[in-house]
Structure formats: structure tokens, C-alpha cells
Amino acid sequence: MRLSKTFIKTLRDAPKDETARNGALLVRAGYIYKEMAGIYDYLPLGLRVIENIKTIIREEMNRIGCEEVLLSGLQNPEPWEKTGRFSESEVDIWFKTKLASGGDLGLAPTHEEPITNMLKNYVSSYKDLPLYIYQFQTKFRNELRAKSGILRGREFLMKDLYSFHTSEEDLDVFYGKVEEAYRKIFDRLGIGEDTFETFASGGIFSKYSHEFQTLLPVGEDTIYYNKDKSIVLNEEVYNDEVLADLGVTGEKFEKATSAEVGNIFKLKFKYSEPLGLKFVDENNTQKPVYMGCYGIGVSRLMGTIAEKFSDEKGLIWPESVAPFKYYLIGIGEAGTKLAEEIYDKRDDVLFDDRDVRPGEKFGDADLIGIPYRIVISDKTLEEEAIEITNRANGETKLVKIEEIEKSL
RNA sequence: CAGGGUGUGGCGCAGUUGGUAGCGCGCAGCGUUCGGGACGCUGAGGCCGUCGGUUCAAGUCCGAUCACCCUGACCA
């Protein structure tokens with residue numbers, strides 16, 4: 001991508017309505033555009049980050065045998081009425097509208113009902129199970145108060161996986177596989193060390209659910225962890241009873257603020273029963289399907305990573321999610337010429353070919369936060385080299401021109 | 001939803017006792033500059049969130065409404 005050709009522009013000052021660090025930096029650096037509170041557009045750079053996050057999640061989901069689909073965001077009220085969740089008193093964040101014919105229509109805040117309902121057409125025998133089905137979908141939630149940049153939006157991108165089983169044991173085994181896959185995902189995203197699987201309140205059919213919480217000062221959750229962080233609890237279940245339940249006594253717990261980047265939940269029959277998703281077993285006996293659901297907030301992850309990896313100059317993307325690997329700057333005639341040659345051969349380069357002074361390019365390189373900055377100028381060409389600077393630690397090295405191919 | 005705050009060119013802001021809207025950045029042209037957001041000159045761009053009212057006259061006063069920000073409540 002050439003900066004001279006793209007429509008995006010960086011901003012010297014953040015818009016005053018964008019006060020959260022992630023939102024301010026992402027807007028200033030041209031990754032996102034704010035339409036309204038909690039409603040954002042993803043621009044070329046931002047979309048690349050989103051796609052990189054999706055790719056990592058997709059790879060780990062596929063590795064444990066999941067199938068990707070794409071359900072509609074428009075919701076027929078009928079299945080939701082069967083579970084009671086179309087009512088405002090049960091789910092108060094619905095965006096609702098009407099069909100031209102007059103009937104009610106909802107914008108999906110989540111997808112348990114439609115996927116369960118849909119599968120009734122495809123599942124009838126134990127031979128059809130298990131199934132692991134996921135999607136990346138836009139969710140709509142009419143939050144009373146959207147805030148914190150893209151950490152809490154009214155429209156956001158989520159990966160939601162639903163699993164369908166013939167037995168609780170099978171559900172438990174798969175649940176464990178998802179836990180493992182999630183750890184890999186957060187590791188690959190660069191936030192593994194600060195992301196903890198956390199006990200949270202369960203619901204009707206299980207005592208606990210699990211959340212994946214990333215330490216983050218602007219997060220909305222409060223967690224408690226023990227000394228080696230082997231046990232982490234959401235504040236909502238941090239009490240003597242639960243601690244006893246987990247066999248913890250007398251241990252001191254630290255308190256921290258975090259953002260929920262994922263959650264996994266054993267639903268069991270919560271949706272299969274009211275919606276009538278059943279199968280027959282080997283003995284021709286009809287039984288409800290055991291279900292689990294597993295979410296990861298894709299856009300929230302982007303905000304979390306932006307928030308975590310940044311300094312006073314701008315963003316510092318981990319290589320795995322960065323929109324490009326290199327930010328390329330050519331200074332002077334010879335430097336620009338070699339920069340053009342390098343750019344022509346690669347697709348992981350953001351080329352700052354604008355007709356502006358070097359200082360502005362350096363400033364934008366820092367702001368946009370691409371992992372490595374390549375500078376080619378008369379100064380480096382004297383050494384027959386290009387200069388590569390690491391955005392994260394500022395380290396600079398010279399790479400000889402003949403070694404470019406194998407060094408980049 | 002409660003409390004507090006804010007809406008003025010693309011962005012950040014100023015605008016006094018009501019009297020034909022200014023500044024910085026950015027943008028266009030010319031020139032000098034060119035490894036950390038340079039400078040000079042010229043210029044384009046806004047009926048001041050919206051609707052209504054008071055007045056000879058409203059960015060400014062009054063009412064309503066919409067949106068945005070912060071704190072709290074809420075968050076399968």
C-alpha cells in the first residue's frame with residue numbers, strides 16, 4: 001500500500017469525543033472512523049488488523065475441527081420467543097425493527113437461537129453429532145452507554161462457536177479443546193501472558209462459565225488472582241463459598257482490572273430444549289442435544305491490543321496482527337529509487353511515498369505502529385545498506401543491500 | 001437511566017454588554033527547504049447541531065429537541 005494513494009490521513013490531534021486511548025490512537029492513525037457512539041467504520045489499515053485477528057482465530061478453530069458458516073444478522077422473532085429472549089425484560093439491548101409486511105424483526109445480539117433452530121433441519125441422529133460450528137458475525141447491541149473506543153460498541157465483530165453433542169462427557173472433552181485453542185489464540189495475538197481463564201458465574205445448567213480476561217486498566221471487569229495466577233476469579237464469583245469450592249483457603253488474592261476478550265459456556269439444554277433440537281441415540285431414544293457456546297470479541301481484541309501496545313508516540317502492533325510488517329521510507333533521490341524497487345517486490349510493506357518531509361514520515365511511522373521501519377537515504381547508501389528500526393524497542397540495524405532479500 | 005459537561009470550516013479551539021464569524025493545524029498555488037511533524041507569500045473553505053421564540057438585529061438571550069463525552073447504574 002502506498003500512502004500517497006490511500007484516502008486515509010493521520011491526524012495531529014485526536015477528535016475530542018474520542019477519549020479512550022485505543023479509540024484516540026486508532027482514529028488518529030487512520031485505522032477507524034467513528035460514525036456515532038459505539039459505531040465505527042474500519043478503514044483499510046483497520047480492516048487488515050481485523051482480518052489478521054480473524055485468520056489466527058480461524059486457523060485455531062479449524063484445527064480442532066470446527067466448520068465456518070455465516071448466519072444472517074436479521075432475526076426472526078419466533079425462535080427467540082420460544083426461549084423467552086425476544087422480550088425486552090429478558091434482553092434489553094435489542095435493536096428491533098419491522099418488516100415491510102408489518103412483522104417484528106430483530107438485529108442479532110447473539111446467535112444461539114437461530115443456529116439451534118437451523119440445525120433442527122440437519123440433526124436427527126446420534127450419527128449427525130457432534131458438530132462444531134462457528135462464524136465471524138456482526139452483533140448489534142443497543143447499549144445504554146457505549147464507551148471506551150472499540151472496547152464496547154453497539155455494533156461489533158465477534159467470533160461465535162457453538163458445539164452440539166450427544167453427551168455431557170463429549171461436551172466436556174470439546175470444552176477442554178476450546179480452552180486449549182483459546183490459549184493458543186491469545187498467545188499468537190501477543191496477549192497470552194496477560195490473558196487469564198477466569199471463573200465467572202455460570203447460569204442455569206452449570207455452576208461456572210469461563211471468561212478470558214486480559215489485564216487492562218480501562219477494562220470493565222474486575223478480577224482476583226492468586227499468587228501464581230493459577231486461579232483467577234471474576235469479581236461476580238469472588239466469595240468464600242466459591243473459594244472453598246475451588247479448594248482455596250487462606251490464600252491472598254490480588255485485584256485487577258481487565259477486559260473480557262472471550263468466554264466459554266456450557267449451555268447443555270438451555271436452548272436445545274425450548275427450541276426442540278433433539279436426536280435419537282443407538283436405542284432409538286429421543287434426547288435433547290447438549291450444547292456449548294464459545295465467543296471471542298474480534299473488534300474488542302483489536303481495541304485491547306491497541307490499548308495495551310502503545311506509547312506516547314502511537315501504536316505498537318505485535319507482528320501477528322500488524323497491518324503491514326514494514327513501514328518504508330526513502331529519503332533523497334537514490335533512497336527513494338531503491339525504496340521503490342523494494343516496494344515492487346513485496347506485499348507486506350506500507351510505503352510512505354508522500355511528498356513530505358522526513359520528520360513527518362517518522363512521526364506517522366511511529367503513530368501507525370508498523371513493527372519495522374525501513375529507511376533508505378544517502379546516509380545509509382554510503383554504507384551500501386538500508387536501516388531497519390524496531391518500533392517496539394527502538395533498536396536499529398543496518399542491512400547490506402545485497403542481503404535485503406534474505407533479511408526482510 | 002441518574003448526575004455532570006460539550007456541540008462554531010476536515011481536526012483542535014476563541015468569540016466581551018446581542019450589531020454582517022476569528023486563530024492554529026490541515027488543504028490549494030508559487031518559492032526556499034529536506035534524517036524527527038520547516039518557512040515566506042497568496043488563496044479556498046463555516047449561514048455557528050436542529051426546530052421554535054424574544055428582538056430593528058441572535059453564535060451570543062429563552063424554550064424544546066437531537067447528538068457526543070465523563071462518572072455511576074446496567075452488561076446473555
# chains A, B, ... in the order shown; residues from 1 in each chain; ligands from 1

$ select_by_dssp --residues "region 59-150 of chain A" --states "helix (DSSP H, G or I)" --output "number ranges by chain"
A: 59-63, 77-83, 112-119, 126-128, 149-150

$ residues_around --residues "A58 (chain B)" --least-positions-apart "3" --cutoff "9 Å" --atoms "only C-alpha atoms (C1' of nucleotides)" --output "VMD selection string"
chain B and resid 18 55 61

$ write_last_selection --atoms "C-alpha atoms (C1' of nucleotides)" --output "short mmCIF file (atom, residue, chain, number, x, y, z; two decimals), in the first residue's frame"
data_model
loop_
_atom_site.label_atom_id
_atom_site.label_comp_id
_atom_site.auth_asym_id
_atom_site.auth_seq_id
_atom_site.Cartn_x
_atom_site.Cartn_y
_atom_site.Cartn_z
"C1'" G B 18 -26.72 40.83 21.30
"C1'" U B 55 -35.59 41.46 19.28
"C1'" C B 61 -30.91 35.60 25.37
#

$ residues_around --residues "Tyr271 (chain A)" --least-positions-apart "4" --cutoff "12 Å" --atoms "only C-alpha atoms (C1' of nucleotides)" --output "mmCIF file with C-alpha atoms, in the first residue's frame"
data_model
loop_
_atom_site.group_PDB
_atom_site.id
_atom_site.type_symbol
_atom_site.label_atom_id
_atom_site.label_comp_id
_atom_site.auth_asym_id
_atom_site.auth_seq_id
_atom_site.Cartn_x
_atom_site.Cartn_y
_atom_site.Cartn_z
ATOM 1 C CA PRO A 79 -37.195 -18.915 17.918
ATOM 2 C CA TRP A 80 -36.378 -16.105 20.315
ATOM 3 C CA GLU A 81 -39.915 -16.128 21.626
ATOM 4 C CA LYS A 82 -39.548 -19.850 22.387
ATOM 5 C CA THR A 83 -36.611 -19.158 24.681
ATOM 6 C CA GLY A 84 -38.212 -16.020 26.084
ATOM 7 C CA ARG A 85 -35.381 -13.857 24.869
ATOM 8 C CA HIS A 111 -26.897 -16.338 17.630
ATOM 9 C CA GLU A 112 -27.836 -19.230 19.928
ATOM 10 C CA GLU A 113 -31.476 -19.241 18.845
ATOM 11 C CA PRO A 114 -31.058 -19.114 15.068
ATOM 12 C CA ILE A 115 -28.279 -21.692 14.914
ATOM 13 C CA THR A 116 -30.119 -24.096 17.181
ATOM 14 C CA ASN A 117 -33.291 -23.628 15.203
ATOM 15 C CA LEU A 119 -29.841 -27.290 12.956
ATOM 16 C CA LYS A 120 -33.190 -28.936 13.583
ATOM 17 C CA TYR A 162 -21.489 -23.397 19.026
ATOM 18 C CA SER A 163 -20.961 -27.067 19.764
ATOM 19 C CA PHE A 164 -23.549 -29.839 19.701
ATOM 20 C CA ILE A 204 -28.919 -22.400 34.975
ATOM 21 C CA PHE A 205 -27.105 -25.547 33.933
ATOM 22 C CA LYS A 266 -21.678 -24.957 28.789
ATOM 23 C CA LEU A 267 -25.237 -24.400 27.716
ATOM 24 C CA LEU A 275 -36.280 -24.993 20.569
ATOM 25 C CA GLY A 276 -36.674 -28.746 20.224
ATOM 26 C CA LEU A 277 -33.237 -29.699 18.899
ATOM 27 C CA LYS A 278 -33.220 -33.454 19.559
ATOM 28 C CA PRO A 288 -32.094 -33.166 23.642
ATOM 29 C CA VAL A 289 -28.729 -32.102 22.230
ATOM 30 C CA TYR A 290 -26.014 -30.946 24.621
ATOM 31 C CA MET A 291 -24.687 -27.554 23.645
ATOM 32 C CA GLY A 292 -21.814 -25.243 24.376
ATOM 33 C CA CYS A 293 -21.029 -21.754 23.131
#

$ residues_around --residues "G52 (chain B)" --least-positions-apart "6" --cutoff "12 Å" --atoms "only C-alpha atoms (C1' of nucleotides)" --output "PDB file with N, CA and C atoms (P, O5', C5', C4', C3', O3' and C1' of nucleotides), in the first residue's frame"
ATOM      1  P     C B  62     -30.529  31.938  28.437  1.00  0.00           P
ATOM      2  O5'   C B  62     -32.069  31.840  28.078  1.00  0.00           O
ATOM      3  C5'   C B  62     -33.055  32.484  28.888  1.00  0.00           C
ATOM      4  C4'   C B  62     -34.429  32.164  28.355  1.00  0.00           C
ATOM      5  C3'   C B  62     -34.687  30.676  28.102  1.00  0.00           C
ATOM      6  O3'   C B  62     -35.060  29.989  29.280  1.00  0.00           O
ATOM      7  C1'   C B  62     -35.384  31.930  26.221  1.00  0.00           C
ATOM      8  P     G B  63     -34.705  28.428  29.421  1.00  0.00           P
ATOM      9  O5'   G B  63     -35.738  27.747  28.415  1.00  0.00           O
ATOM     10  C5'   G B  63     -37.133  27.812  28.678  1.00  0.00           C
ATOM     11  C4'   G B  63     -37.906  27.177  27.551  1.00  0.00           C
ATOM     12  C3'   G B  63     -37.494  25.759  27.176  1.00  0.00           C
ATOM     13  O3'   G B  63     -38.016  24.788  28.056  1.00  0.00           O
ATOM     14  C1'   G B  63     -37.790  27.040  25.217  1.00  0.00           C
ATOM     15  P     A B  64     -37.210  23.398  28.248  1.00  0.00           P
ATOM     16  O5'   A B  64     -37.470  22.639  26.864  1.00  0.00           O
ATOM     17  C5'   A B  64     -38.786  22.202  26.537  1.00  0.00           C
ATOM     18  C4'   A B  64     -38.844  21.784  25.082  1.00  0.00           C
ATOM     19  C3'   A B  64     -37.968  20.605  24.698  1.00  0.00           C
ATOM     20  O3'   A B  64     -38.544  19.357  25.025  1.00  0.00           O
ATOM     21  C1'   A B  64     -37.725  22.333  23.091  1.00  0.00           C
ATOM     22  P     U B  65     -37.603  18.116  25.400  1.00  0.00           P
ATOM     23  O5'   U B  65     -36.930  17.734  24.006  1.00  0.00           O
ATOM     24  C5'   U B  65     -37.735  17.280  22.915  1.00  0.00           C
ATOM     25  C4'   U B  65     -36.928  17.273  21.641  1.00  0.00           C
ATOM     26  C3'   U B  65     -35.668  16.416  21.671  1.00  0.00           C
ATOM     27  O3'   U B  65     -35.934  15.051  21.415  1.00  0.00           O
ATOM     28  C1'   U B  65     -35.169  18.537  20.759  1.00  0.00           C
TER      29        U B  65
END

$ interface_residues --of "chain B" --to "chain A" --cutoff "6 Å" --atoms "only C-alpha atoms (C1' of nucleotides)" --output "list in words"
C34, G36, G37 and C69 of chain B
